[in-house]
Amino acid sequence: MALPLKAVLRAAFGTVLVLYPFWAWYGLSHWGPAAVAAGLAAVTFCRALVTRSREDWILSVIAACLCAAAAFSGLEEPMRLYPVLVNAFLLWAFGTTLLPNRMPMVERFARMKDSVPVSYTHLTLPTSD
């Protein structure tokens with residue numbers, strides 16, 4: 001059974017982005033910030049083109065801004081900020097699901113397997129007898 005190309009590419013881009021800290025460390029010590037910036041921009045934009053998800057486009061724009069800052073300034077700090085900004089984006093994404101009248105992301109993850117309401121995601125108060 002062959003996997004769809006989109007799934008294979010998404011997994012490959014995800015793996016490259018997970019390995020980003022090691023790639024950045026090696027690239028910054030051997031080639032400089034411009035090369036690491038070009039690689040990060042290429043990977044994030046290719047991933048956004050393949051997945052076509054809003055979140056991937058937002059992350060690719062963040063990466064492009066950091067890459068431009070690193071390429072034009074010649075400093076390494078913008079490349080080191082990418083993981084921090086990804087974590088800030090994830091905090092925002094999880095936090096906005098906690099607003100009123102929105103399904104929490106934890107419940108969405110729980111419903112991925114079962115479409116019935118999941119008992120531990122709802123608050124039930126004990127009744128007094």
# chains A, B, ... in the order shown; residues from 1 in each chain; ligands from 1
call {"tool": "residues_around", "arguments": {"residues": "stretch 13-18 of chain A", "least_positions_apart": "2", "cutoff": "12 Å", "atoms": "only C-alpha atoms", "output": "count of residues only"}}
result
31
call {"tool": "closest_residue", "arguments": {"among": "A:Ala88, A:Ala93, A:Ala37, A:Ala12", "to": "A:Leu66", "atoms": "only C-alpha atoms"}}
result
A:Ala37
call {"tool": "atom_distance", "arguments": {"atom1": "atom CA of A:Met105", "atom2": "atom CA of A:Phe89"}}
result
14.1 Å
call {"tool": "residues_around", "arguments": {"residues": "A:Ala70", "least_positions_apart": "2", "cutoff": "12 Å", "atoms": "only C-alpha atoms", "output": "ChimeraX atom specification"}}
result
/A:28,32-38,40-41,63-68,72-82
call {"tool": "atom_distance", "arguments": {"atom1": "atom CA of A:Glu107", "atom2": "atom CA of A:Arg54"}}
result
20.7 Å
call {"tool": "atom_distance", "arguments": {"atom1": "atom CA of A:Ala71", "atom2": "atom CA of A:Gly27"}}
result
13.4 Å
